[in-house]
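Participant: Before we start, here is the structure in question, set down as structure tokens.
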Amino acid sequence: MEDEDARAALEQLIRERREDYSALSRLIGRNAAYIQQFVKRGIPRRLAEEDRRTLANYFGVPEAVLGGPMPSPAERAASNLVPLPRLDVAASAGPGALGRGEAVVSHLAFEGQWLRRLSPAGPEHLSIIIVDGDSMAPALMDGDEIMVDRGEAGRRVRDGIYVVRRQEELIVKRLALDPATGRVAVTSDNPVYPSWPDCEPASLDVVGRVIWAGRRIR
């Protein structure tokens, strides 16, 4: 990338994000006029490697955008990965389990384009939690990890598997809307567990829709 292209890219990022030249200069430990001089006057001609890396991380863009070297194929692939939080939360698919809080214990990365095909919601609406119990077997088994789309919480319920809050308890169940009555059936796939065949939609505190599940093959 040419030096002027890097300056133009940084100027556009600053304008789009409504950032402040002096604040960005302080971010990289420079005098208050440093970034403005770089963008407007080309002084210095190019950013120092450490400054470029700090700014690229801050804006969430590849270093190549700001004049760094082009990434390798492996680096380009890694840059397309979107980390989703794995929460310290269990959704009961059995007798009942209380959520253990919403602390992030780790992240699981997915390819960004694949995520966009899976859900129109942005990654900020997606998270990974664990299934606790076997009331949704065989669709979901005890210990499965499920991706919950919280962007679906405010939309009209449609047929599918959802995480629902019941008092302080999170449960994962299959919801089915009766188009004639507008009522919702809350069911367990495992027939030994109870279901609630006639519920008022407004009575359901829907956390999100389950859109993906992963499990260890035993």
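Letters A, B, ... mark the chains of the structure tokens in the order given; residue numbers begin at 1 per chain; ligand numbers begin at 1, in order shown.
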Skip region 1-11 of chain A itself and residues of its chain fewer than 4 positions away, then list as a tab-separated table (two decimals) with C-alpha atoms, in the first residue's frame all residues within 9 Å of it, counting only C-alpha atoms.
Facilitator:
chain	number	residue	atom	x	y	z
A	15	ARG	CA	-14.05	10.45	10.25
A	16	GLU	CA	-16.34	7.40	10.26
A	36	GLN	CA	-3.03	15.19	12.37
A	38	PHE	CA	0.72	12.44	9.62
A	39	VAL	CA	-2.70	12.55	7.95
A	40	LYS	CA	-2.68	16.12	6.66
A	42	GLY	CA	2.52	13.33	5.57
A	45	ARG	CA	6.01	9.62	5.90
A	46	ARG	CA	4.80	6.36	7.43
A	55	LEU	CA	-3.97	1.91	15.81
A	64	ALA	CA	-2.11	-3.54	5.89
A	65	VAL	CA	-4.89	-0.93	5.84
A	66	LEU	CA	-2.54	1.49	7.61
A	67	GLY	CA	0.51	0.74	5.51
A	68	GLY	CA	1.68	-2.54	6.99
A	69	PRO	CA	2.72	-5.61	5.01
A	70	MET	CA	0.04	-7.66	3.27
Participant: Which value, in Å to one decimal, gives the distance between CA of Asp189 (chain A) and CA of Ala137 (chain A)?
Facilitator: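 Distance reported for this atom pair: 6.0 Å.
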Participant: If I take CA of Arg215 (chain A) and CA of Asp142 (chain A), how far is one from the other in Å, to one decimal?
Facilitator: 9.3 Å
Participant: With only C-alpha atoms as the basis for distance, which of A:Val163, A:Asp134, A:Val206, A:Phe59 is at the shortest distance from Arg18 (chain A)?
Facilitator: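 Of the candidates, the smallest distance to Arg18 (chain A) is held by A:Phe59.
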Participant: Hey, what's within 12 Å of Arg116 (chain A) if we count only C-alpha atoms and toss same-chain stuff fewer than 5 positions away? As a PDB file with N, CA and C atoms, in the first residue's frame, please?
Facilitator:
ATOM      1  N   ASN A  80     -10.540 -13.345   9.366  1.00  0.00           N
ATOM      2  CA  ASN A  80     -11.959 -13.487   9.054  1.00  0.00           C
ATOM      3  C   ASN A  80     -12.726 -14.212  10.149  1.00  0.00           C
ATOM      4  N   LEU A  81     -12.014 -14.682  11.174  1.00  0.00           N
ATOM      5  CA  LEU A  81     -12.673 -15.403  12.251  1.00  0.00           C
ATOM      6  C   LEU A  81     -13.286 -14.427  13.247  1.00  0.00           C
ATOM      7  N   VAL A  82     -14.490 -14.754  13.701  1.00  0.00           N
ATOM      8  CA  VAL A  82     -15.211 -13.921  14.657  1.00  0.00           C
ATOM      9  C   VAL A  82     -15.322 -14.688  15.979  1.00  0.00           C
ATOM     10  N   PHE A 110     -15.660 -18.444  14.834  1.00  0.00           N
ATOM     11  CA  PHE A 110     -16.355 -18.937  13.647  1.00  0.00           C
ATOM     12  C   PHE A 110     -16.026 -18.031  12.474  1.00  0.00           C
ATOM     13  N   GLU A 111     -16.060 -18.595  11.269  1.00  0.00           N
ATOM     14  CA  GLU A 111     -15.798 -17.813  10.068  1.00  0.00           C
ATOM     15  C   GLU A 111     -16.924 -16.802   9.872  1.00  0.00           C
ATOM     16  N   ALA A 121     -28.325 -11.416  12.604  1.00  0.00           N
ATOM     17  CA  ALA A 121     -27.894 -10.642  13.772  1.00  0.00           C
ATOM     18  C   ALA A 121     -26.382 -10.478  13.746  1.00  0.00           C
ATOM     19  N   GLY A 122     -25.897  -9.387  14.278  1.00  0.00           N
ATOM     20  CA  GLY A 122     -24.461  -9.194  14.393  1.00  0.00           C
ATOM     21  C   GLY A 122     -23.894 -10.100  15.470  1.00  0.00           C
ATOM     22  N   PRO A 123     -22.568 -10.305  15.476  1.00  0.00           N
ATOM     23  CA  PRO A 123     -21.961 -11.194  16.474  1.00  0.00           C
ATOM     24  C   PRO A 123     -22.177 -10.738  17.904  1.00  0.00           C
ATOM     25  N   HIS A 125     -24.854 -10.182  19.198  1.00  0.00           N
ATOM     26  CA  HIS A 125     -26.091 -10.815  19.673  1.00  0.00           C
ATOM     27  C   HIS A 125     -25.946 -12.324  19.840  1.00  0.00           C
ATOM     28  N   LEU A 126     -24.764 -12.862  19.584  1.00  0.00           N
ATOM     29  CA  LEU A 126     -24.570 -14.310  19.601  1.00  0.00           C
ATOM     30  C   LEU A 126     -23.662 -14.712  20.756  1.00  0.00           C
ATOM     31  N   ASP A 149     -29.008 -16.963  19.542  1.00  0.00           N
ATOM     32  CA  ASP A 149     -29.168 -15.690  18.832  1.00  0.00           C
ATOM     33  C   ASP A 149     -30.123 -14.824  19.639  1.00  0.00           C
ATOM     34  N   ILE A 211     -29.499 -21.558  17.219  1.00  0.00           N
ATOM     35  CA  ILE A 211     -29.281 -21.628  15.777  1.00  0.00           C
ATOM     36  C   ILE A 211     -28.145 -22.578  15.390  1.00  0.00           C
TER      37      ILE A 211
END
Participant: Mind checking which residues fall within 12 Å of Pro194 (chain A), counting only C-alpha atoms, ignoring those fewer than 3 positions away in the same chain, and posting them as a ChimeraX atom specification?
Facilitator: /A:93-95,135-136,173-174,185-191,197
Participant: Suppose we keep C-alpha atoms; can you now write the selection as a short mmCIF file (atom, residue, chain, number, x, y, z; two decimals), in the first residue's frame?
Facilitator:
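Saved result, selection_27.cif, follows:
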data_model
loop_
_atom_site.label_atom_id
_atom_site.label_comp_id
_atom_site.auth_asym_id
_atom_site.auth_seq_id
_atom_site.Cartn_x
_atom_site.Cartn_y
_atom_site.Cartn_z
CA ALA A 93 -32.97 -29.43 29.25
CA GLY A 94 -34.01 -31.47 32.24
CA PRO A 95 -35.42 -30.96 35.73
CA SER A 135 -35.23 -33.34 27.93
CA MET A 136 -34.41 -32.17 24.38
CA LYS A 173 -37.38 -26.03 24.75
CA ARG A 174 -39.02 -26.34 21.37
CA ALA A 185 -46.74 -24.85 22.61
CA VAL A 186 -43.61 -25.34 24.75
CA THR A 187 -42.47 -28.92 24.32
CA SER A 188 -39.69 -31.33 25.24
CA ASP A 189 -38.38 -33.61 22.49
CA ASN A 190 -37.84 -36.37 25.06
CA PRO A 191 -41.37 -37.70 25.79
CA PRO A 197 -49.12 -27.18 25.04
#
Participant: Check the smallest atom-to-atom distance from each of A:Val207, A:Val105, A:Ala176, A:Leu13 to Glu152 (chain A) using only C-alpha atoms, then report the winner.
Facilitator: A:Val207
Participant: Tell me which of A:Asp159, A:Glu19, A:Glu50, A:Glu145 sits closest to Ile129 (chain A), counting only C-alpha atoms.
Facilitator: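 Counting only C-alpha atoms, the residue closest to Ile129 (chain A) is A:Glu145.
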Participant: CA of Glu63 (chain A) and CA of Ala109 (chain A), how far apart in Å?
Facilitator: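 About the pair CA of Ala109 (chain A) and CA of Glu63 (chain A): they are 20.4 Å apart.
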Participant: As a count of residues only, please: all residues of chain A that backbone DSSP puts in strand (DSSP E or B).
Facilitator: 67
Participant: Among region 17-129 of chain A, which residues does DSSP mark as alpha helix (DSSP H) when it is run on the backbone? Keep the chain and numbering as in the structure and answer as a ChimeraX atom specification.
Facilitator: /A:17,21-27,34-41,49-59,73-79,112-118
Participant: Kindly save the residues from that selection, with C-alpha atoms included, as a compact mmCIF listing (two decimals), in the first residue's frame.
Facilitator:
# COMPACT_ATOMS: atom_id res chain seq x y z
CA ARG A 17 -15.70 6.61 13.93
CA TYR A 21 -6.69 13.38 16.29
CA SER A 22 -5.13 14.38 19.59
CA ALA A 23 -6.74 11.49 21.49
CA LEU A 24 -5.32 9.02 18.97
CA SER A 25 -1.93 10.68 19.27
CA ARG A 26 -2.05 10.19 23.04
CA LEU A 27 -3.12 6.56 22.48
CA TYR A 34 1.24 13.82 15.72
CA ILE A 35 -1.68 12.03 13.98
CA GLN A 36 -3.03 15.19 12.37
CA GLN A 37 0.42 15.97 10.96
CA PHE A 38 0.72 12.44 9.62
CA VAL A 39 -2.70 12.55 7.95
CA LYS A 40 -2.68 16.12 6.66
CA ARG A 41 1.01 16.76 5.95
CA GLU A 49 5.45 -0.38 13.30
CA GLU A 50 4.38 -0.23 16.96
CA ASP A 51 2.16 2.83 16.34
CA ARG A 52 0.58 1.16 13.31
CA ARG A 53 -0.14 -2.01 15.26
CA THR A 54 -1.71 -0.09 18.13
CA LEU A 55 -3.97 1.91 15.81
CA ALA A 56 -4.93 -1.16 13.77
CA ASN A 57 -5.92 -3.03 16.94
CA TYR A 58 -7.86 0.00 18.19
CA PHE A 59 -9.86 0.31 14.96
CA PRO A 73 -3.09 -16.51 3.44
CA ALA A 74 -3.11 -17.99 6.95
CA GLU A 75 -3.24 -14.54 8.53
CA ARG A 76 -6.05 -13.49 6.17
CA ALA A 77 -8.03 -16.58 7.14
CA ALA A 78 -7.49 -15.86 10.84
CA SER A 79 -8.60 -12.25 10.38
CA GLY A 112 -17.53 -14.46 9.61
CA GLN A 113 -19.27 -15.19 6.30
CA TRP A 114 -20.62 -18.46 7.67
CA LEU A 115 -22.02 -16.63 10.70
CA ARG A 116 -23.74 -14.07 8.46
CA ARG A 117 -25.44 -16.89 6.55
CA LEU A 118 -26.51 -18.49 9.81
